[in-house]
>>> print(open('work-v4.cif').read())   # mmCIF, C-alpha atoms and all ligand atoms
data_coords
loop_
_atom_site.label_atom_id
_atom_site.label_comp_id
_atom_site.auth_asym_id
_atom_site.auth_seq_id
_atom_site.Cartn_x
_atom_site.Cartn_y
_atom_site.Cartn_z
CA MET A 1 -75.99 141.83 20.80
CA GLY A 2 -75.19 144.45 18.13
CA MET A 3 -73.17 147.58 18.67
CA GLU A 4 -75.02 150.88 18.95
CA PRO A 5 -74.48 153.06 15.84
CA GLN A 6 -73.02 155.79 18.07
CA THR A 7 -70.43 153.39 19.49
CA LEU A 8 -69.64 151.95 16.09
CA PHE A 9 -69.08 155.44 14.70
CA SER A 10 -66.83 156.29 17.69
CA VAL A 11 -64.72 153.21 16.99
CA TRP A 12 -64.45 154.21 13.33
CA LEU A 13 -63.48 157.76 14.36
CA PHE A 14 -60.80 156.37 16.66
CA LEU A 15 -59.30 154.37 13.78
CA LEU A 16 -59.59 157.33 11.40
CA GLY A 17 -57.99 159.62 14.00
CA SER A 18 -55.08 157.26 14.64
CA ALA A 19 -54.46 156.95 10.89
CA LEU A 20 -54.55 160.73 10.51
CA GLY A 21 -52.21 161.01 13.51
CA SER A 22 -49.82 158.65 11.75
CA PHE A 23 -49.87 160.93 8.68
CA LEU A 24 -49.38 163.91 10.99
CA ASN A 25 -46.20 162.29 12.35
CA VAL A 26 -44.86 162.20 8.80
CA VAL A 27 -45.87 165.83 8.17
CA VAL A 28 -44.24 167.26 11.31
CA TYR A 29 -41.03 165.34 10.54
CA ARG A 30 -40.74 166.14 6.85
CA LEU A 31 -42.20 169.65 6.59
CA PRO A 32 -39.38 171.46 8.47
CA ARG A 33 -36.82 169.44 6.49
CA GLY A 34 -38.36 170.52 3.20
CA GLU A 35 -39.08 166.89 2.23
CA SER A 36 -42.09 165.72 0.25
CA ILE A 37 -44.92 164.50 2.49
CA HIS A 38 -46.13 161.73 0.15
CA SER A 39 -42.95 160.11 -1.10
CA PRO A 40 -40.90 158.14 -0.33
CA ALA A 41 -43.01 155.79 1.80
CA SER A 42 -42.49 155.74 5.59
CA HIS A 43 -39.04 154.56 6.56
CA CYS A 44 -36.90 154.34 9.68
CA PRO A 45 -35.16 157.71 10.16
CA ASN A 46 -32.04 155.86 11.40
CA CYS A 47 -31.45 152.99 8.95
CA ASN A 48 -33.75 154.25 6.17
CA LYS A 49 -35.33 150.83 5.72
CA PRO A 50 -38.90 151.21 4.39
CA LEU A 51 -41.55 150.14 6.91
CA LYS A 52 -43.54 146.99 6.17
CA PRO A 53 -47.30 147.69 6.27
CA TYR A 54 -47.66 145.60 9.45
CA ASP A 55 -44.93 147.70 11.12
CA ASN A 56 -46.79 150.89 10.21
CA ILE A 57 -50.10 150.30 12.03
CA PRO A 58 -50.94 153.30 14.23
CA ILE A 59 -50.26 152.77 17.97
CA LEU A 60 -50.21 148.92 17.71
CA SER A 61 -46.97 148.54 15.73
CA TRP A 62 -45.04 150.66 18.20
CA LEU A 63 -46.26 148.43 21.04
CA MET A 64 -45.62 145.17 19.15
CA LEU A 65 -42.12 146.27 18.09
CA GLY A 66 -41.30 147.12 21.70
CA ALA A 67 -40.53 150.74 20.68
CA LYS A 68 -37.60 149.64 18.49
CA CYS A 69 -36.98 149.52 14.71
CA ARG A 70 -37.34 145.90 13.51
CA ASN A 71 -34.23 146.27 11.37
CA CYS A 72 -31.65 148.37 13.26
CA LYS A 73 -33.18 148.24 16.78
CA GLU A 74 -32.93 152.02 17.08
CA PRO A 75 -35.46 153.18 19.74
CA ILE A 76 -38.62 154.73 18.28
CA SER A 77 -39.84 157.77 20.19
CA ILE A 78 -43.06 157.44 22.20
CA ARG A 79 -44.10 160.60 20.40
CA TYR A 80 -45.29 158.60 17.37
CA PRO A 81 -47.95 156.48 19.13
CA LEU A 82 -48.75 159.41 21.44
CA VAL A 83 -49.66 161.71 18.52
CA GLU A 84 -51.72 158.91 16.94
CA PHE A 85 -53.52 158.32 20.21
CA MET A 86 -54.12 162.03 20.80
CA VAL A 87 -55.79 162.58 17.42
CA ALA A 88 -57.85 159.38 17.83
CA VAL A 89 -59.11 160.40 21.29
CA TRP A 90 -59.67 163.97 20.15
CA PHE A 91 -61.97 162.85 17.31
CA VAL A 92 -64.02 160.61 19.61
CA TRP A 93 -64.16 163.29 22.32
CA MET A 94 -65.42 165.96 19.89
CA PHE A 95 -68.04 163.53 18.55
CA GLN A 96 -69.23 162.78 22.11
CA LEU A 97 -69.47 166.54 22.78
CA PHE A 98 -71.12 167.72 19.59
CA GLY A 99 -72.57 164.68 17.80
CA LEU A 100 -72.33 164.63 14.03
CA SER A 101 -72.46 168.37 13.41
CA TRP A 102 -70.57 171.33 11.97
CA GLU A 103 -69.21 172.03 15.46
CA PHE A 104 -67.76 168.54 15.55
CA ALA A 105 -66.05 169.02 12.18
CA ASN A 106 -64.90 172.53 13.10
CA PHE A 107 -63.15 171.57 16.33
CA ALA A 108 -61.97 168.10 15.27
CA ILE A 109 -60.07 169.69 12.39
CA LEU A 110 -58.92 172.78 14.29
CA GLY A 111 -57.43 170.42 16.89
CA VAL A 112 -55.48 168.50 14.25
CA LEU A 113 -54.18 171.71 12.65
CA LEU A 114 -53.12 173.12 16.02
CA LEU A 115 -51.42 169.89 17.09
CA THR A 116 -49.43 169.88 13.83
CA VAL A 117 -48.38 173.51 14.25
CA SER A 118 -47.54 173.03 17.95
CA ILE A 119 -45.21 170.07 17.36
CA VAL A 120 -43.34 171.86 14.58
CA ASP A 121 -43.13 174.99 16.76
CA ILE A 122 -41.71 172.99 19.71
CA ASP A 123 -39.20 171.26 17.39
CA THR A 124 -38.05 174.22 15.33
CA GLN A 125 -39.49 177.42 16.90
CA LEU A 126 -41.09 178.03 13.51
CA ILE A 127 -44.71 177.80 12.40
CA PRO A 128 -45.16 176.38 8.90
CA ASP A 129 -47.04 178.73 6.55
CA SER A 130 -48.37 175.85 4.46
CA VAL A 131 -50.38 174.44 7.39
CA LEU A 132 -51.67 177.92 8.24
CA ILE A 133 -52.81 178.54 4.67
CA VAL A 134 -54.62 175.19 4.47
CA GLY A 135 -56.15 175.93 7.89
CA ALA A 136 -57.30 179.43 6.91
CA ILE A 137 -59.05 178.04 3.82
CA ILE A 138 -60.79 175.31 5.87
CA GLY A 139 -61.78 177.81 8.59
CA LEU A 140 -63.32 180.18 6.04
CA ALA A 141 -65.09 177.30 4.28
CA PHE A 142 -66.60 176.14 7.60
CA ALA A 143 -67.82 179.66 8.35
CA PHE A 144 -69.26 179.96 4.83
CA TYR A 145 -71.03 176.59 4.62
CA GLY A 146 -71.47 175.65 8.27
CA ASP A 147 -73.49 176.99 11.17
CA VAL A 148 -70.90 177.46 13.94
CA ILE A 149 -70.08 181.11 13.21
CA SER A 150 -71.01 183.49 10.39
CA ILE A 151 -68.54 184.46 7.72
CA SER A 152 -68.41 188.04 9.06
CA ASP A 153 -67.71 186.74 12.58
CA SER A 154 -64.98 184.54 11.14
CA LEU A 155 -63.33 187.44 9.31
CA THR A 156 -63.61 189.77 12.33
CA GLY A 157 -62.21 186.95 14.47
CA GLY A 158 -59.17 186.58 12.22
CA ALA A 159 -58.62 190.34 12.17
CA ALA A 160 -59.13 190.72 15.95
CA MET A 161 -56.87 187.86 17.00
CA GLY A 162 -54.20 188.40 14.34
CA GLY A 163 -54.32 192.17 14.93
CA THR A 164 -53.94 191.87 18.70
CA PHE A 165 -50.94 189.57 18.43
CA PHE A 166 -49.46 191.83 15.75
CA LEU A 167 -49.65 194.75 18.20
CA ILE A 168 -48.16 192.65 21.02
CA ALA A 169 -45.32 191.60 18.70
CA LEU A 170 -44.74 195.21 17.64
CA ILE A 171 -44.73 196.56 21.20
CA GLY A 172 -42.55 193.67 22.35
CA GLU A 173 -40.02 194.46 19.65
CA LYS A 174 -39.90 198.16 20.65
CA VAL A 175 -39.57 197.41 24.38
CA MET A 176 -37.16 194.46 24.21
CA LYS A 177 -35.24 195.87 21.21
CA LYS A 178 -35.42 192.42 19.61
CA GLU A 179 -38.03 190.10 18.18
CA SER A 180 -39.98 188.91 21.22
CA MET A 181 -42.84 187.14 19.54
CA GLY A 182 -42.43 185.59 16.14
CA PHE A 183 -44.55 186.72 13.22
CA GLY A 184 -45.57 183.06 12.96
CA ASP A 185 -47.62 183.48 16.15
CA VAL A 186 -49.43 186.43 14.54
CA LYS A 187 -50.35 184.37 11.47
CA LEU A 188 -51.35 181.41 13.66
CA SER A 189 -53.67 183.67 15.68
CA LEU A 190 -55.23 184.98 12.49
CA MET A 191 -56.01 181.43 11.35
CA ILE A 192 -57.49 180.53 14.75
CA GLY A 193 -59.70 183.64 14.73
CA LEU A 194 -61.23 182.46 11.44
CA PHE A 195 -62.38 179.28 13.21
CA ILE A 196 -63.64 180.65 16.52
CA GLY A 197 -64.88 184.20 15.80
CA TRP A 198 -64.03 187.48 17.53
CA LYS A 199 -65.57 186.96 20.99
CA MET A 200 -63.86 183.66 21.62
CA ALA A 201 -60.72 185.08 19.99
CA PHE A 202 -60.36 187.60 22.80
CA LEU A 203 -60.96 184.90 25.40
CA ALA A 204 -58.37 182.73 23.62
CA ILE A 205 -55.76 185.51 23.86
CA PHE A 206 -56.48 185.89 27.58
CA LEU A 207 -56.37 182.13 28.24
CA SER A 208 -53.20 181.55 26.21
CA SER A 209 -51.30 184.18 28.20
CA ILE A 210 -52.49 182.60 31.46
CA PHE A 211 -51.47 179.10 30.29
CA ALA A 212 -48.09 180.40 29.14
CA SER A 213 -47.45 182.17 32.46
CA VAL A 214 -48.51 179.26 34.65
CA ILE A 215 -46.73 176.55 32.65
CA GLY A 216 -43.73 178.83 31.95
CA LEU A 217 -43.27 179.62 35.66
CA ALA A 218 -43.69 175.94 36.54
CA ALA A 219 -41.04 175.01 33.95
CA ILE A 220 -38.66 177.67 35.32
CA GLY A 221 -39.36 176.40 38.85
CA LEU A 222 -38.55 172.85 37.79
CA GLY A 223 -35.36 174.07 36.10
CA LYS A 224 -36.62 172.99 32.67
CA MET A 225 -36.47 176.52 31.29
CA LYS A 226 -34.53 179.74 31.81
CA PHE A 227 -36.16 183.12 32.31
CA GLY A 228 -35.94 185.34 29.22
CA LYS A 229 -34.97 182.41 27.01
CA PRO A 230 -37.17 182.15 23.92
CA PHE A 231 -39.77 179.39 23.95
CA ALA A 232 -42.48 178.17 21.60
CA PHE A 233 -45.60 180.24 22.28
CA GLY A 234 -47.64 178.48 19.57
CA PRO A 235 -48.75 175.55 21.76
CA PHE A 236 -50.15 177.96 24.37
CA ILE A 237 -52.10 179.90 21.75
CA ALA A 238 -53.38 176.54 20.47
CA LEU A 239 -54.48 175.44 23.94
CA GLY A 240 -56.15 178.79 24.68
CA ALA A 241 -57.97 178.66 21.34
CA LEU A 242 -59.36 175.16 21.82
CA VAL A 243 -60.49 175.78 25.40
CA SER A 244 -62.09 179.09 24.45
CA GLY A 245 -63.67 177.84 21.21
CA ILE A 246 -65.15 174.71 22.76
CA TRP A 247 -65.84 175.65 26.40
CA GLY A 248 -65.73 179.47 26.18
CA ASP A 249 -69.47 180.04 26.59
CA ARG A 250 -69.63 177.81 29.65
CA LEU A 251 -66.50 179.43 31.14
CA VAL A 252 -67.88 182.94 30.69
CA ASN A 253 -71.29 181.97 32.13
CA ALA A 254 -69.69 180.27 35.13
CA TYR A 255 -67.53 183.35 35.72
CA LEU A 256 -70.51 185.70 35.48
CA ARG A 257 -72.53 183.59 37.91
CA TRP A 258 -69.61 183.56 40.33
CA ALA A 259 -68.87 187.30 39.97
CA PHE A 260 -72.45 188.52 40.34
CA VAL A 261 -74.05 186.33 43.01
ZN ZN B 301 -34.06 151.32 11.61
#
>>> encode(input="work-v4.cif", output="structure tokens")
Amino acid sequence: MGMEPQTLFSVWLFLLGSALGSFLNVVVYRLPRGESIHSPASHCPNCNKPLKPYDNIPILSWLMLGAKCRNCKEPISIRYPLVEFMVAVWFVWMFQLFGLSWEFANFAILGVLLLTVSIVDIDTQLIPDSVLIVGAIIGLAFAFYGDVISISDSLTGGAAMGGTFFLIALIGEKVMKKESMGFGDVKLSLMIGLFIGWKMAFLAIFLSSIFASVIGLAAIGLGKMKFGKPFAFGPFIALGALVSGIWGDRLVNAYLRWAFV
């Protein structure tokens, strides 16, 4: 009994995604430290011993090593296999949703870019420009060559989303007398707008503020966060953008049906 081509491709996407996730782990570690992302080869951050190829297999090596470095036995964070698993599942999920299409490519890649930015933002409260620039170029290229949104929709999306967050940042600064929202969030929003277009950009802004309020209040309630203390807003913008870009049409239709019965 042979495997269906669809299934075979999903398996390949899972492997590709986990490998890309493994690279992403290197990027989010080295980028904020100003280190080169291609050399030296992967090594243990504690004892600096280079990883053997069989200790560098996405997801599996972490399990086989029992979450410890083979050399110094320093615990290895669950974040490494988790990121690999997330990208792998994301690729397969997007393929199941969209088949082999521009939409698949658009959202598979946007997801990877946003995951990268979110992790660095959580770690350092900064959003790396280099990832945003690469993302903006890819987003524009998709709009230009692909069929998800037009190039004018992409440009208006970037302007609408970046512009709105710029205004929020400006007003926040005037009201709070200090930087409330980083300029990194403004640039991140601009990049997202290029991928999802202006309509979904506005929905993304709305959704990200809801996610931030709900999760922020829950975190304060659980004592994990203090009110008024700065937190990374990037991950919420990322979440809002993906939900709006991928499920926005369905969300809006469901809302309209519910509101006008
Ligand atoms: Zn080690």
>>> residues_around(input="work-v4.cif", residues="His38 in chain A", least_positions_apart="3", cutoff="12 Å", atoms="only C-alpha atoms", output="mmCIF file with C-alpha atoms, in the frame of the given file")
data_model
loop_
_atom_site.group_PDB
_atom_site.id
_atom_site.type_symbol
_atom_site.label_atom_id
_atom_site.label_comp_id
_atom_site.auth_asym_id
_atom_site.auth_seq_id
_atom_site.Cartn_x
_atom_site.Cartn_y
_atom_site.Cartn_z
ATOM 1 C CA PHE A 23 -49.870 160.930 8.680
ATOM 2 C CA LEU A 24 -49.380 163.910 10.990
ATOM 3 C CA VAL A 26 -44.860 162.200 8.800
ATOM 4 C CA VAL A 27 -45.870 165.830 8.170
ATOM 5 C CA ARG A 30 -40.740 166.140 6.850
ATOM 6 C CA LEU A 31 -42.200 169.650 6.590
ATOM 7 C CA GLU A 35 -39.080 166.890 2.230
ATOM 8 C CA ALA A 41 -43.010 155.790 1.800
ATOM 9 C CA SER A 42 -42.490 155.740 5.590
ATOM 10 C CA HIS A 43 -39.040 154.560 6.560
#
>>> closest_atom_pairs(input="work-v4.cif", of="chain A", to="ligand ZN 301 (chain B)", cutoff="7 Å", atoms="all atoms listed in the file", output="JSON lines")
{"residue": "A:Cys44", "atom": "CA", "partner": "B:ZN301", "partner_atom": "ZN", "distance": 4.6}
{"residue": "A:Pro45", "atom": "CA", "partner": "B:ZN301", "partner_atom": "ZN", "distance": 6.6}
{"residue": "A:Asn46", "atom": "CA", "partner": "B:ZN301", "partner_atom": "ZN", "distance": 5.0}
{"residue": "A:Cys47", "atom": "CA", "partner": "B:ZN301", "partner_atom": "ZN", "distance": 4.1}
{"residue": "A:Asn48", "atom": "CA", "partner": "B:ZN301", "partner_atom": "ZN", "distance": 6.2}
{"residue": "A:Lys49", "atom": "CA", "partner": "B:ZN301", "partner_atom": "ZN", "distance": 6.0}
{"residue": "A:Cys69", "atom": "CA", "partner": "B:ZN301", "partner_atom": "ZN", "distance": 4.6}
{"residue": "A:Arg70", "atom": "CA", "partner": "B:ZN301", "partner_atom": "ZN", "distance": 6.6}
{"residue": "A:Asn71", "atom": "CA", "partner": "B:ZN301", "partner_atom": "ZN", "distance": 5.1}
{"residue": "A:Cys72", "atom": "CA", "partner": "B:ZN301", "partner_atom": "ZN", "distance": 4.2}
{"residue": "A:Lys73", "atom": "CA", "partner": "B:ZN301", "partner_atom": "ZN", "distance": 6.1}
{"residue": "A:Glu74", "atom": "CA", "partner": "B:ZN301", "partner_atom": "ZN", "distance": 5.6}
>>> residues_around(input="work-v4.cif", residues="Ile237 in chain A", least_positions_apart="2", cutoff="10 Å", atoms="all atoms listed in the file", output="list in words")
Leu114, Ser118, Asp185, Leu188, Ser189, Ile192, Ala204, Ile205, Phe206, Leu207, Ser208, Ser209, Phe211, Ala212, Ala232, Phe233, Gly234, Pro235, Leu239, Gly240, Ala241 and Leu242 of chain A
>>> residues_around(input="work-v4.cif", residues="Trp62 in chain A", least_positions_apart="3", cutoff="10 Å", atoms="all atoms listed in the file", output="list in words")
Asp55, Asn56, Ile57, Pro58, Ile59, Leu65, Gly66, Ala67, Lys68, Cys69, Ile76, Ser77, Ile78, Tyr80 and Pro81 of chain A
>>> residues_around(input="work-v4.cif", residues="Asp129 in chain A", least_positions_apart="6", cutoff="12 Å", atoms="all atoms listed in the file", output="PyMOL selection string")
chain A and resi 31-32+113+116-117+120-121+135-136+183-188+190-191
>>> closest_residue(input="work-v4.cif", among="A:Ser130, A:Phe165, A:Ser154, A:Gly111", to="Ile246 in chain A", atoms="only C-alpha atoms")
A:Gly111
>>> closest_residue(input="work-v4.cif", among="A:Leu20, A:Val175, A:Ile149, A:Met225", to="Gly197 in chain A", atoms="all atoms listed in the file")
A:Ile149
>>> residues_around(input="work-v4.cif", residues="Val252 in chain A", least_positions_apart="5", cutoff="10 Å", atoms="all atoms listed in the file", output="PDB file with C-alpha atoms, in the coordinates of the input")
ATOM      1  CA  MET A 200     -63.860 183.660  21.620  1.00  0.00           C
ATOM      2  CA  LEU A 203     -60.960 184.900  25.400  1.00  0.00           C
ATOM      3  CA  SER A 244     -62.090 179.090  24.450  1.00  0.00           C
ATOM      4  CA  TRP A 247     -65.840 175.650  26.400  1.00  0.00           C
ATOM      5  CA  ARG A 257     -72.530 183.590  37.910  1.00  0.00           C
ATOM      6  CA  TRP A 258     -69.610 183.560  40.330  1.00  0.00           C
TER       7      TRP A 258
END
>>> atom_distance(input="work-v4.cif", atom1="CA of Leu155 in chain A", atom2="CA of Leu132 in chain A")
15.1 Å
>>> atom_distance(input="work-v4.cif", atom1="CA of Arg250 in chain A", atom2="CA of Phe166 in chain A")
28.2 Å
>>> atom_distance(input="work-v4.cif", atom1="CA of Gly17 in chain A", atom2="CA of Leu82 in chain A")
11.9 Å
>>> closest_residue(input="work-v4.cif", among="A:Leu15, A:Leu140, A:Val28, A:Ile151", to="Ile119 in chain A", atoms="all atoms listed in the file")
A:Val28
>>> axis_aligned_box(input="work-v4.cif", around="range 56-73 of chain A", padding_each_side="3 Å", output="AutoDock Vina command-line options")
--center_x -41.3 --center_y 149.2 --center_z 16.0 --size_x 25.3 --size_y 14.1 --size_z 17.5
>>> closest_residue(input="work-v4.cif", among="A:Ser101, A:Lys224, A:Glu4, A:Phe85", to="Leu60 in chain A", atoms="only C-alpha atoms")
A:Phe85
>>> closest_residue(input="work-v4.cif", among="A:Ala143, A:Tyr255, A:Phe107, A:Thr164", to="Phe95 in chain A", atoms="all atoms listed in the file")
A:Phe107
>>> closest_residue(input="work-v4.cif", among="A:Ser213, A:Ser150, A:Thr156, A:Asn253", to="Ala201 in chain A", atoms="only C-alpha atoms")
A:Thr156
